[in-house]
>>> print(open('input_21.cif').read())   # mmCIF, C-alpha atoms
data_my_file
#
loop_
_atom_site.label_atom_id
_atom_site.label_comp_id
_atom_site.auth_asym_id
_atom_site.auth_seq_id
_atom_site.Cartn_x
_atom_site.Cartn_y
_atom_site.Cartn_z
CA MET A 1 59.56 33.99 -8.90
CA ASN A 2 61.14 33.28 -12.30
CA ILE A 3 60.16 29.75 -13.25
CA THR A 4 61.60 28.28 -16.42
CA THR A 5 59.38 27.11 -19.29
CA CYS A 6 59.99 23.61 -17.84
CA ASP A 7 59.88 22.19 -15.10
CA PHE A 8 57.04 23.80 -13.14
CA THR A 9 53.58 23.53 -11.62
CA ILE A 10 50.98 26.28 -11.86
CA ALA A 11 47.78 25.64 -9.93
CA PHE A 12 44.80 27.73 -8.79
CA TRP A 13 41.11 27.69 -7.96
CA VAL A 14 38.77 29.65 -10.24
CA LYS A 15 35.06 30.39 -10.08
CA TYR A 16 33.72 31.33 -13.52
CA THR A 17 30.34 33.09 -13.70
CA GLY A 18 29.93 32.87 -17.47
CA VAL A 19 31.55 36.23 -18.34
CA ASP A 20 34.71 35.70 -20.40
CA GLY A 21 38.11 37.33 -19.88
CA PRO A 22 41.71 36.92 -18.68
CA ILE A 23 42.39 34.93 -15.52
CA LEU A 24 46.16 34.74 -15.18
CA ALA A 25 49.40 35.86 -16.80
CA LEU A 26 52.87 34.63 -15.79
CA TRP A 27 56.24 35.31 -17.38
CA SER A 28 59.07 32.79 -17.32
CA LYS A 29 62.60 33.87 -16.47
CA ASP A 30 63.43 34.11 -20.19
CA GLY A 31 60.45 36.41 -20.87
CA LYS A 32 57.95 33.91 -22.26
CA LEU A 33 54.27 34.51 -21.39
CA PHE A 34 52.00 31.82 -19.97
CA TYR A 35 48.46 33.08 -20.36
CA VAL A 36 45.14 31.68 -19.06
CA THR A 37 41.79 32.99 -20.24
CA VAL A 38 38.22 31.72 -20.41
CA LYS A 39 35.69 31.84 -23.29
CA ASN A 40 32.30 30.17 -23.56
CA SER A 41 33.00 27.95 -20.52
CA ARG A 42 36.27 26.81 -22.10
CA LEU A 43 39.55 27.36 -20.26
CA ILE A 44 42.11 28.36 -22.92
CA LEU A 45 45.78 27.51 -22.23
CA SER A 46 47.09 27.38 -25.80
CA ILE A 47 45.82 27.55 -29.36
CA HIS A 48 45.06 23.84 -29.51
CA ASN A 49 44.18 23.04 -25.92
CA THR A 50 40.97 24.16 -24.22
CA PHE A 51 39.11 22.61 -21.29
CA HIS A 52 35.57 22.78 -19.97
CA LEU A 53 34.85 24.73 -16.75
CA GLN A 54 31.70 24.39 -14.65
CA ILE A 55 29.86 27.73 -14.43
CA ASN A 56 29.25 29.19 -10.95
CA SER A 57 31.25 26.41 -9.32
CA TRP A 58 34.80 26.33 -8.04
CA ASN A 59 37.18 24.56 -10.43
CA HIS A 60 40.74 23.56 -9.58
CA VAL A 61 43.20 23.90 -12.47
CA ALA A 62 46.75 22.54 -12.38
CA VAL A 63 49.33 22.68 -15.17
CA THR A 64 52.62 20.80 -14.84
CA CYS A 65 55.65 20.51 -17.10
CA GLN A 66 58.29 17.81 -16.94
CA GLU A 67 60.81 16.92 -19.65
CA HIS A 68 59.21 19.59 -21.88
CA LYS A 69 55.81 17.93 -21.81
CA ILE A 70 52.70 19.54 -20.35
CA LYS A 71 49.97 17.89 -18.28
CA VAL A 72 46.69 19.57 -17.35
CA LEU A 73 44.43 18.46 -14.52
CA VAL A 74 40.99 20.01 -13.90
CA ASN A 75 39.51 19.12 -10.52
CA GLY A 76 42.17 16.45 -10.21
CA THR A 77 41.32 14.71 -13.50
CA LYS A 78 43.99 14.54 -16.17
CA LYS A 79 42.82 16.07 -19.48
CA ALA A 80 43.67 14.84 -22.95
CA LEU A 81 45.94 17.24 -24.86
CA VAL A 82 46.15 17.84 -28.58
CA ASP A 83 49.78 18.83 -28.16
CA GLN A 84 51.86 18.31 -25.01
CA TRP A 85 55.01 20.24 -25.95
CA ASN A 86 55.60 23.16 -23.63
CA GLU A 87 56.61 25.57 -26.40
CA TYR A 88 52.96 25.69 -27.55
CA PHE A 89 51.84 26.92 -24.12
CA PHE A 90 54.10 29.97 -24.05
CA SER A 91 53.90 33.15 -26.09
CA SER A 92 56.40 35.87 -26.97
CA LEU A 93 53.72 38.57 -26.81
CA GLY A 94 54.42 41.54 -24.59
CA ARG A 95 57.45 42.16 -22.40
CA TYR A 96 58.81 40.37 -19.36
CA GLN A 97 57.08 41.40 -16.15
CA SER A 98 58.54 40.99 -12.66
CA GLU A 99 55.05 40.29 -11.28
CA TYR A 100 52.36 37.77 -12.11
CA ILE A 101 48.92 39.20 -12.95
CA ILE A 102 45.55 37.79 -11.88
CA GLY A 103 42.43 39.29 -13.44
CA ASN A 104 41.68 42.25 -15.67
CA ASP A 105 44.94 44.18 -16.04
CA PRO A 106 44.19 46.82 -18.74
CA GLY A 107 47.15 45.67 -20.83
CA LEU A 108 45.93 42.07 -20.79
CA VAL A 109 42.32 42.98 -21.56
CA GLN A 110 43.48 44.71 -24.76
CA MET A 111 45.35 41.62 -26.00
CA PRO A 112 43.62 39.60 -28.78
CA MET A 113 43.18 36.45 -26.66
CA ALA A 114 41.62 38.31 -23.70
CA ASN A 115 38.06 37.69 -24.93
CA GLY A 116 36.65 40.47 -22.71
CA VAL A 117 36.62 41.34 -19.03
CA PHE A 118 36.65 38.37 -16.68
CA VAL A 119 33.95 38.27 -13.98
CA GLY A 120 34.68 35.67 -11.34
CA ALA A 121 37.01 34.78 -8.50
CA VAL A 122 40.46 33.23 -8.10
CA MET A 123 42.13 31.82 -4.96
CA ASP A 124 45.12 29.77 -3.81
CA LEU A 125 47.53 30.45 -6.67
CA TYR A 126 50.37 27.95 -6.33
CA VAL A 127 53.54 28.15 -8.47
CA THR A 128 56.63 26.02 -8.04
CA GLY A 129 59.69 25.11 -10.10
CA ILE A 130 59.00 21.35 -10.08
CA ALA A 131 56.29 19.16 -11.57
CA LEU A 132 53.98 17.95 -8.80
CA SER A 133 52.63 14.42 -9.00
CA ALA A 134 48.94 13.66 -9.44
CA LYS A 135 48.78 12.75 -5.73
CA GLN A 136 50.33 16.05 -4.71
CA ILE A 137 47.85 17.93 -6.88
CA GLY A 138 45.10 15.88 -5.26
CA ASP A 139 46.40 17.11 -1.90
CA LEU A 140 46.09 20.69 -3.13
CA ILE A 141 42.47 20.03 -4.10
CA LYS A 142 41.69 18.51 -0.69
CA GLY A 143 43.10 21.63 0.91
CA LYS A 144 46.02 19.72 2.36
CA PRO A 145 47.87 22.12 4.67
CA ILE A 146 51.21 23.48 3.66
CA THR A 147 54.09 21.72 5.37
CA PRO A 148 55.49 23.77 8.29
CA VAL A 149 59.17 24.70 8.35
CA ILE A 150 61.13 24.37 11.60
CA ASN A 151 62.99 27.61 12.32
CA LYS A 152 66.72 27.17 12.70
CA GLU A 153 67.41 30.41 14.52
CA GLU A 154 64.44 30.50 16.92
CA SER A 155 64.34 26.83 17.96
CA GLU A 156 66.45 26.58 21.11
CA ILE A 157 67.80 23.97 23.50
CA HIS A 158 67.47 24.69 27.22
CA GLY A 159 69.35 21.84 28.84
CA CYS A 160 67.04 18.85 28.35
CA LYS A 161 64.15 20.95 26.98
CA VAL A 162 63.88 21.78 23.27
CA ASN A 163 61.71 24.75 22.36
CA VAL A 164 60.70 23.90 18.78
CA THR A 165 59.37 26.78 16.69
CA TRP A 166 58.13 26.69 13.12
CA SER A 167 56.70 28.97 10.47
CA ARG A 168 53.71 28.23 8.29
CA LYS A 169 51.42 29.95 5.84
CA GLU A 170 47.97 28.50 5.47
CA LEU A 171 45.00 28.99 3.22
CA CYS A 172 42.49 27.34 5.56
CA THR A 173 42.33 27.47 9.35
CA ILE A 174 44.63 24.88 10.89
CA THR A 175 42.90 22.74 13.51
CA LYS A 176 45.99 21.26 15.15
CA ILE A 177 49.73 20.70 14.86
CA THR A 178 51.52 17.39 15.41
CA VAL A 179 55.06 17.45 16.80
CA ARG A 180 57.02 14.22 16.70
CA PHE A 181 60.47 13.19 17.92
CA ARG A 182 62.67 10.13 18.18
CA GLU A 183 66.07 9.41 19.62
CA ILE A 184 68.98 8.97 17.22
CA LYS A 185 71.05 5.97 18.26
CA PRO A 186 74.28 5.05 16.43
CA GLN A 187 74.30 1.66 14.71
CA VAL A 188 70.68 1.03 15.70
CA ASP A 189 67.63 0.83 13.46
CA GLU A 190 65.49 3.96 13.46
CA ALA A 191 63.44 4.29 16.62
CA GLU A 192 59.68 4.76 16.58
CA TRP A 193 58.36 8.30 16.63
CA THR A 194 56.65 9.76 19.69
CA GLU A 195 53.95 12.24 18.69
CA TYR A 196 52.16 15.08 20.49
CA ASN A 197 49.10 16.90 19.13
CA VAL A 198 49.08 20.56 20.13
CA SER A 199 46.79 23.49 19.48
CA SER A 200 47.29 25.51 16.33
CA THR A 201 50.37 27.45 17.32
CA THR A 202 53.95 28.03 16.16
CA SER A 203 56.00 26.61 19.05
CA TYR A 204 56.12 23.70 21.49
CA LEU A 205 58.39 22.91 24.42
CA LEU A 206 59.57 19.28 24.41
CA TYR A 207 60.88 17.73 27.63
CA LEU A 208 63.47 15.12 26.66
CA GLU A 209 66.18 13.06 28.28
CA CYS A 210 69.55 14.71 28.72
CA ASP A 211 72.74 14.14 26.75
CA LYS A 212 71.02 12.47 23.83
CA LYS A 213 70.43 13.26 20.16
CA TYR A 214 66.91 13.66 18.81
CA GLU A 215 65.26 14.11 15.43
CA ILE A 216 62.20 16.38 15.48
CA ALA A 217 59.58 17.13 12.81
CA VAL A 218 56.17 18.86 12.64
CA SER A 219 53.06 18.73 10.46
CA SER A 220 49.77 20.61 10.37
CA TRP A 221 46.14 19.52 10.05
CA PHE A 222 43.00 20.92 8.46
CA GLY A 223 40.17 18.74 9.73
CA GLU A 224 41.20 15.16 8.97
CA VAL A 225 43.73 16.15 6.32
CA GLN A 226 47.38 16.22 7.37
CA SER A 227 50.25 18.02 5.66
CA ASP A 228 53.52 16.33 4.83
CA TRP A 229 56.06 16.19 7.63
CA SER A 230 58.55 19.01 7.72
CA VAL A 231 62.20 18.38 7.00
CA SER A 232 63.33 17.04 10.36
CA ARG A 233 65.92 18.85 12.44
CA LYS A 234 68.41 17.28 14.81
CA PHE A 235 68.96 18.49 18.38
CA LYS A 236 71.36 17.37 21.08
CA THR A 237 70.19 17.82 24.64
CA ARG A 238 72.65 18.42 27.45
CA SER A 239 72.72 18.44 31.21
CA ALA A 240 71.85 21.86 32.59
CA GLY A 241 71.76 23.73 35.86
CA ASN A 242 68.09 22.94 36.42
CA LEU A 243 68.70 19.21 36.04
CA VAL A 244 69.22 18.62 39.74
CA TYR A 245 68.56 15.12 40.93
CA GLY A 246 68.90 13.00 43.99
CA ARG A 247 68.20 9.37 44.71
CA TRP A 248 68.25 7.82 48.16
CA PHE A 249 67.53 4.12 48.62
CA LEU A 250 66.93 4.52 52.38
CA ASP A 251 68.36 1.05 52.89
CA GLY A 252 71.18 2.09 55.23
CA SER A 253 73.76 2.40 52.47
CA ASP A 254 73.29 6.11 51.57
CA SER A 255 76.13 8.20 53.01
CA ASP A 256 74.09 11.43 53.13
CA VAL A 257 70.98 10.06 54.86
CA ARG A 258 70.66 10.80 58.59
CA TYR A 259 68.38 8.74 60.84
CA PHE A 260 66.79 9.94 64.08
CA GLY A 261 65.02 7.97 66.81
CA THR A 262 64.09 4.36 66.25
CA VAL A 263 64.40 3.64 62.54
CA ASN A 264 64.63 0.02 61.49
CA HIS A 265 65.42 -1.42 58.08
CA THR A 266 62.87 -3.92 56.87
CA GLU A 267 62.43 -5.88 53.65
CA GLY A 268 61.80 -3.66 50.65
CA TRP A 269 59.52 -4.02 47.66
CA CYS A 270 61.81 -6.42 45.79
CA PRO A 271 63.64 -9.46 47.21
CA GLY A 272 66.92 -8.56 48.90
CA SER A 273 66.16 -4.83 49.16
CA LYS A 274 65.78 -2.84 52.38
CA ALA A 275 63.57 0.08 53.39
CA ALA A 276 63.48 2.55 56.27
CA SER A 277 60.71 1.70 58.72
CA PHE A 278 59.12 4.32 61.02
CA SER A 279 56.88 3.53 63.98
CA GLN A 280 56.80 6.38 66.54
CA ASN A 281 57.05 10.12 67.03
CA GLY A 282 60.68 11.18 66.54
CA SER A 283 61.56 8.32 64.18
CA TYR A 284 62.46 9.92 60.86
CA ALA A 285 65.22 10.41 58.29
CA THR A 286 66.62 13.44 56.45
CA VAL A 287 68.37 13.84 53.10
CA PRO A 288 69.94 17.00 51.58
CA ASN A 289 67.66 19.55 49.91
CA ILE A 290 68.59 19.66 46.19
CA ASN A 291 66.49 22.83 45.65
CA ILE A 292 63.93 21.95 43.03
CA ARG A 293 61.53 24.67 41.93
CA THR A 294 57.74 24.52 42.26
CA CYS A 295 57.88 23.46 38.58
CA ASP A 296 59.38 21.51 36.80
CA PHE A 297 60.12 18.42 38.91
CA THR A 298 59.53 14.75 39.66
CA ILE A 299 59.18 13.37 43.20
CA ALA A 300 58.87 9.58 43.45
CA PHE A 301 59.10 6.99 46.22
CA TRP A 302 57.91 3.60 47.41
CA VAL A 303 55.72 3.51 50.55
CA LYS A 304 54.25 0.64 52.58
CA TYR A 305 51.31 1.82 54.67
CA ILE A 306 49.99 -0.52 57.38
CA GLY A 307 46.90 1.47 58.31
CA VAL A 308 48.32 3.95 60.84
CA ASP A 309 48.08 7.55 59.60
CA GLY A 310 50.77 10.23 59.65
CA PRO A 311 53.37 12.22 57.67
CA ILE A 312 55.40 10.49 54.98
CA LEU A 313 57.44 13.20 53.30
CA ALA A 314 58.18 16.94 53.43
CA LEU A 315 60.26 18.80 50.81
CA TRP A 316 61.02 22.50 50.54
CA THR A 317 61.62 24.18 47.18
CA GLN A 318 64.40 26.68 46.59
CA GLY A 319 61.79 29.42 47.10
CA GLY A 320 60.81 28.07 50.52
CA LYS A 321 57.47 26.46 49.57
CA LEU A 322 56.58 23.19 51.33
CA PHE A 323 55.48 20.04 49.47
CA TYR A 324 53.90 17.75 52.05
CA VAL A 325 52.73 14.11 51.74
CA THR A 326 50.67 12.45 54.44
CA VAL A 327 48.28 9.50 54.67
CA LYS A 328 44.87 9.23 56.33
CA LYS A 329 42.42 6.32 56.19
CA SER A 330 44.17 4.70 53.22
CA ARG A 331 44.12 8.01 51.30
CA LEU A 332 47.36 9.63 50.22
CA LEU A 333 46.98 13.41 50.71
CA LEU A 334 48.92 15.71 48.37
CA SER A 335 46.69 18.78 48.48
CA ILE A 336 43.29 19.83 49.80
CA ASP A 337 41.39 18.61 46.72
CA ASN A 338 43.49 15.66 45.61
CA THR A 339 43.76 12.36 47.50
CA PHE A 340 44.59 8.89 46.24
CA HIS A 341 43.94 5.38 47.47
CA LEU A 342 46.81 3.29 48.88
CA GLN A 343 46.69 -0.46 49.41
CA ILE A 344 47.22 -1.33 53.07
CA SER A 345 50.20 -3.55 53.91
CA TYR A 346 51.40 -3.48 50.29
CA TRP A 347 54.16 -1.55 48.61
CA ASN A 348 52.80 1.35 46.56
CA HIS A 349 54.87 3.46 44.17
CA VAL A 350 53.95 7.15 44.13
CA ALA A 351 55.25 9.65 41.56
CA VAL A 352 54.34 13.34 41.27
CA THR A 353 55.47 15.36 38.24
CA CYS A 354 55.08 19.00 37.29
CA GLN A 355 55.38 20.35 33.76
CA LEU A 356 54.16 23.73 32.49
CA HIS A 357 52.76 24.40 36.02
CA LYS A 358 50.47 21.37 35.90
CA ILE A 359 50.74 18.38 38.23
CA LYS A 360 50.37 14.70 37.36
CA VAL A 361 50.19 11.93 39.94
CA PHE A 362 50.99 8.27 39.26
CA VAL A 363 50.26 5.43 41.70
CA ASP A 364 51.98 2.16 40.76
CA GLY A 365 52.68 3.63 37.31
CA THR A 366 49.05 4.53 36.55
CA GLU A 367 48.13 8.20 36.15
CA GLU A 368 45.39 9.24 38.57
CA PRO A 369 42.65 11.79 37.72
CA LEU A 370 43.07 15.16 39.43
CA ILE A 371 40.42 17.65 40.50
CA ASP A 372 42.93 20.48 40.22
CA GLN A 373 46.26 20.22 38.40
CA TRP A 374 47.76 23.65 39.14
CA ASN A 375 51.04 23.28 41.03
CA GLU A 376 50.40 26.22 43.39
CA HIS A 377 47.67 24.18 45.09
CA PHE A 378 50.17 21.44 45.97
CA PHE A 379 52.52 23.74 47.89
CA SER A 380 52.17 25.41 51.28
CA SER A 381 53.89 28.40 52.88
CA LEU A 382 53.71 26.79 56.34
CA GLY A 383 57.00 26.63 58.24
CA LEU A 384 60.43 27.92 57.23
CA TYR A 385 62.74 26.77 54.46
CA GLN A 386 64.78 23.72 55.45
CA PRO A 387 68.08 22.66 53.81
CA LYS A 388 66.88 19.07 54.04
CA TYR A 389 64.00 16.80 53.08
CA ILE A 390 62.26 14.88 55.86
CA ILE A 391 60.91 11.32 55.65
CA GLY A 392 58.75 10.09 58.51
CA ASN A 393 57.78 11.39 61.95
CA ASP A 394 59.82 14.52 62.54
CA PRO A 395 58.34 16.04 65.74
CA GLY A 396 57.75 19.39 64.04
CA LEU A 397 55.80 17.72 61.22
CA VAL A 398 53.76 15.55 63.53
CA GLN A 399 52.49 18.70 65.28
CA MET A 400 51.26 20.27 62.06
CA PRO A 401 47.46 20.21 61.46
CA MET A 402 47.68 18.00 58.35
CA ALA A 403 49.91 15.36 59.98
CA ASN A 404 46.92 13.22 61.06
CA GLY A 405 49.03 11.37 63.64
CA VAL A 406 52.23 9.30 63.70
CA PHE A 407 52.97 7.36 60.53
CA VAL A 408 53.69 3.65 60.92
CA GLY A 409 55.12 2.12 57.78
CA ALA A 410 58.16 2.09 55.50
CA VAL A 411 59.61 4.22 52.72
CA MET A 412 62.34 3.45 50.19
CA ASP A 413 63.94 4.67 46.98
CA LEU A 414 63.18 8.41 47.20
CA TYR A 415 63.87 9.98 43.81
CA VAL A 416 63.80 13.75 43.18
CA THR A 417 64.78 15.58 39.97
CA GLY A 418 64.27 19.02 38.42
CA ILE A 419 62.48 17.79 35.29
CA ALA A 420 59.14 16.06 34.65
CA LEU A 421 59.75 12.42 33.81
CA SER A 422 57.65 10.80 31.10
CA THR A 423 55.15 8.03 31.76
CA LYS A 424 57.67 5.53 30.38
CA GLN A 425 60.43 6.81 32.66
CA ILE A 426 58.13 6.53 35.67
CA GLY A 427 57.33 3.01 34.55
CA ASP A 428 61.07 2.33 34.56
CA LEU A 429 61.25 3.53 38.18
CA VAL A 430 58.39 1.22 39.12
CA LYS A 431 60.36 -1.65 37.55
CA GLY A 432 63.46 -0.59 39.45
CA GLU A 433 65.17 1.05 36.48
CA SER A 434 66.12 4.65 35.71
CA SER A 435 67.37 6.39 32.57
CA ILE A 436 68.67 9.40 34.56
CA HIS A 437 71.76 8.97 36.68
CA SER A 438 71.35 8.51 40.40
CA LYS A 439 72.89 10.87 42.86
#
>>> encode(input="input_21.cif", output="structure tokens")
Amino acid sequence: MNITTCDFTIAFWVKYTGVDGPILALWSKDGKLFYVTVKNSRLILSIHNTFHLQINSWNHVAVTCQEHKIKVLVNGTKKALVDQWNEYFFSSLGRYQSEYIIGNDPGLVQMPMANGVFVGAVMDLYVTGIALSAKQIGDLIKGKPITPVINKEESEIHGCKVNVTWSRKELCTITKITVRFREIKPQVDEAEWTEYNVSSTTSYLLYLECDKKYEIAVSSWFGEVQSDWSVSRKFKTRSAGNLVYGRWFLDGSDSDVRYFGTVNHTEGWCPGSKAASFSQNGSYATVPNINIRTCDFTIAFWVKYIGVDGPILALWTQGGKLFYVTVKKSRLLLSIDNTFHLQISYWNHVAVTCQLHKIKVFVDGTEEPLIDQWNEHFFSSLGLYQPKYIIGNDPGLVQMPMANGVFVGAVMDLYVTGIALSTKQIGDLVKGESSIHSK
């Protein structure tokens, strides 16, 4: 790789069994030879400088050069040198080679300083054209993972999703990868990083907010030792075809909400707000179907349940699958295996998200444990596709087996989008805020 005679770092692990011989030979770009051999438990780097090696143990050796002066560290400890000048560590013997040599090359063994045929082992040869610091060399000794590199060509933006890919080359088995991101805001101090730990892989799909700029970096772990962070890359998300969204307050002001039967508007969850109240079979509302998929999505709404069971909500995906929400004995039913407690006569906020085919459910902003997260178990093939969503006691829904009766209560602020909102974004909805535009 054609280092110069200064600056550089040459580092490696060596296990010496007591049999002397050549360990390593490197040529600089101008043809000078850097030669490492061992004799009588002494590591020989130049005529005047030799260093003790432990027999039958692994020893880490690092040689650095900066401003024409050499430093040698054995097992992380700096060694005293008789002469630090780099010219004394290079030889003009032999000819320039385009490859470095580790071990008993016949040409090296015949050289006067070879001292015999080396018997031992070498691993993790590290050569770079800069002088590493003592801390960085300490990281090499600890087996600190090599910093991943985010791929420019393979990392892609899909609307508001960023598929981050990276390359890495590791000596030891990586136990996990950490991906972090933060929003870049003009004229604002740097935001805090959000981090995700993922399995040892080479890609991760981040779900971010649309039309914003983000800085993303990755690092790798071996046990409790973390690599440096990669050079961060900047991505700009954008609105995409799958970012469908709709928001209906159900307070009588929405132009595309239709009401059927006796639907009253009662006080909502916050002072001055209104909600649609349902009390009998045939009292319901409809809003347009925005055609979410079975994943990814967020469905959120406020509901006030007064103890009378029945259907709350029915949505059809663009593939015709039915997502159905009903209530029975203070339990919110979303699927056969997953039910959640609702407070009677209080407003409860319910949010259901799907990401990577797994469901999460939040009640009043708190994530609830699920018996089964797979999204297919939350959808039914009952009935035919409808170009609308239904809230309340549609006669067809009331007749379905899972209806449990006629719902008496109120619903407001139905929010549906084609991406999985974060916990923070759901918290914003609970507080009456939203970072994604309303319909």
>>> resolve_selection(input="input_21.cif", expression="the PyMOL selection byres ((chain A and resi 133) around 12)", output="number ranges by chain")
A: 8-9, 62-66, 71-73, 76, 78, 130-132, 134-140
>>> closest_residue(input="input_21.cif", among="A:Ile216, A:Ala25, A:Val398, A:Ile292", to="A:Tyr96", atoms="only C-alpha atoms")
A:Ala25
>>> resolve_selection(input="input_21.cif", expression="the PyMOL selection byres ((chain A and resi 226) around 12)", output="NGL selection string")
:A and (139-140 or 142-148 or 174-178 or 197 or 218-225 or 227-230)
>>> closest_residue(input="input_21.cif", among="A:Asp30, A:Glu67, A:Glu195, A:Glu190", to="A:Phe90", atoms="only C-alpha atoms")
A:Asp30
>>> closest_residue(input="input_21.cif", among="A:Tyr16, A:Tyr204, A:Phe235, A:Tyr389", to="A:Leu53", atoms="all atoms listed in the file")
A:Tyr16
>>> axis_aligned_box(input="input_21.cif", around="stretch 381-395 of chain A", padding_each_side="8 Å", output="AutoDock Vina command-line options")
--center_x 60.9 --center_y 19.2 --center_z 59.3 --size_x 30.4 --size_y 34.3 --size_z 28.9
>>> residues_near_point(input="input_21.cif", point="(49.4, 11.4, 38.8)", cutoff="12 Å", atoms="only C-alpha atoms", output="PyMOL selection string")
chain A and resi 298-300+332+334+338-341+349-355+358-373+420-423+426
>>> atom_distance(input="input_21.cif", atom1="atom CA of A:Thr317", atom2="atom CA of A:Asn264")
28.2 Å
>>> residues_around(input="input_21.cif", residues="stretch 102-116 of chain A", least_positions_apart="6", cutoff="8 Å", atoms="all atoms listed in the file", output="number ranges by chain")
A: 19-25, 37-39, 122
>>> decode(input="input_21.cif", residues="stretch 71-87 of chain A", atoms="N, CA and C atoms", output="PDB file, in the first residue's frame")
ATOM      1  N   LYS A  71       8.113   5.714  17.465  1.00  0.00           N
ATOM      2  CA  LYS A  71       7.676   5.243  18.773  1.00  0.00           C
ATOM      3  C   LYS A  71       7.331   3.767  18.645  1.00  0.00           C
ATOM      4  N   VAL A  72       7.638   3.003  19.694  1.00  0.00           N
ATOM      5  CA  VAL A  72       7.328   1.580  19.714  1.00  0.00           C
ATOM      6  C   VAL A  72       6.525   1.285  20.973  1.00  0.00           C
ATOM      7  N   LEU A  73       5.409   0.590  20.794  1.00  0.00           N
ATOM      8  CA  LEU A  73       4.584   0.170  21.922  1.00  0.00           C
ATOM      9  C   LEU A  73       4.413  -1.344  21.863  1.00  0.00           C
ATOM     10  N   VAL A  74       4.738  -2.031  22.963  1.00  0.00           N
ATOM     11  CA  VAL A  74       4.539  -3.470  23.079  1.00  0.00           C
ATOM     12  C   VAL A  74       3.458  -3.694  24.125  1.00  0.00           C
ATOM     13  N   ASN A  75       2.377  -4.328  23.696  1.00  0.00           N
ATOM     14  CA  ASN A  75       1.217  -4.546  24.563  1.00  0.00           C
ATOM     15  C   ASN A  75       0.706  -3.238  25.155  1.00  0.00           C
ATOM     16  N   GLY A  76       0.779  -2.190  24.330  1.00  0.00           N
ATOM     17  CA  GLY A  76       0.253  -0.891  24.710  1.00  0.00           C
ATOM     18  C   GLY A  76       1.184  -0.031  25.525  1.00  0.00           C
ATOM     19  N   THR A  77       2.338  -0.556  25.915  1.00  0.00           N
ATOM     20  CA  THR A  77       3.304   0.198  26.729  1.00  0.00           C
ATOM     21  C   THR A  77       4.401   0.765  25.846  1.00  0.00           C
ATOM     22  N   LYS A  78       4.620   2.073  25.968  1.00  0.00           N
ATOM     23  CA  LYS A  78       5.659   2.726  25.177  1.00  0.00           C
ATOM     24  C   LYS A  78       7.035   2.273  25.657  1.00  0.00           C
ATOM     25  N   LYS A  79       7.920   1.920  24.703  1.00  0.00           N
ATOM     26  CA  LYS A  79       9.259   1.430  25.013  1.00  0.00           C
ATOM     27  C   LYS A  79      10.297   2.535  24.809  1.00  0.00           C
ATOM     28  N   ALA A  80      11.297   2.496  25.656  1.00  0.00           N
ATOM     29  CA  ALA A  80      12.401   3.456  25.509  1.00  0.00           C
ATOM     30  C   ALA A  80      13.239   3.077  24.294  1.00  0.00           C
ATOM     31  N   LEU A  81      13.646   4.088  23.516  1.00  0.00           N
ATOM     32  CA  LEU A  81      14.429   3.859  22.307  1.00  0.00           C
ATOM     33  C   LEU A  81      15.821   4.459  22.449  1.00  0.00           C
ATOM     34  N   VAL A  82      16.810   3.722  21.950  1.00  0.00           N
ATOM     35  CA  VAL A  82      18.168   4.255  21.905  1.00  0.00           C
ATOM     36  C   VAL A  82      18.237   5.382  20.883  1.00  0.00           C
ATOM     37  N   ASP A  83      17.576   5.182  19.763  1.00  0.00           N
ATOM     38  CA  ASP A  83      17.563   6.179  18.696  1.00  0.00           C
ATOM     39  C   ASP A  83      16.171   6.211  18.075  1.00  0.00           C
ATOM     40  N   GLN A  84      15.549   7.386  18.031  1.00  0.00           N
ATOM     41  CA  GLN A  84      14.192   7.501  17.522  1.00  0.00           C
ATOM     42  C   GLN A  84      14.120   7.819  16.035  1.00  0.00           C
ATOM     43  N   TRP A  85      15.209   8.223  15.404  1.00  0.00           N
ATOM     44  CA  TRP A  85      15.112   8.696  14.021  1.00  0.00           C
ATOM     45  C   TRP A  85      14.727   7.560  13.079  1.00  0.00           C
ATOM     46  N   ASN A  86      13.784   7.842  12.214  1.00  0.00           N
ATOM     47  CA  ASN A  86      13.214   6.794  11.364  1.00  0.00           C
ATOM     48  C   ASN A  86      14.219   6.182  10.407  1.00  0.00           C
ATOM     49  N   GLU A  87      15.242   6.945  10.025  1.00  0.00           N
ATOM     50  CA  GLU A  87      16.209   6.418   9.040  1.00  0.00           C
ATOM     51  C   GLU A  87      16.935   5.181   9.561  1.00  0.00           C
TER      52      GLU A  87
END
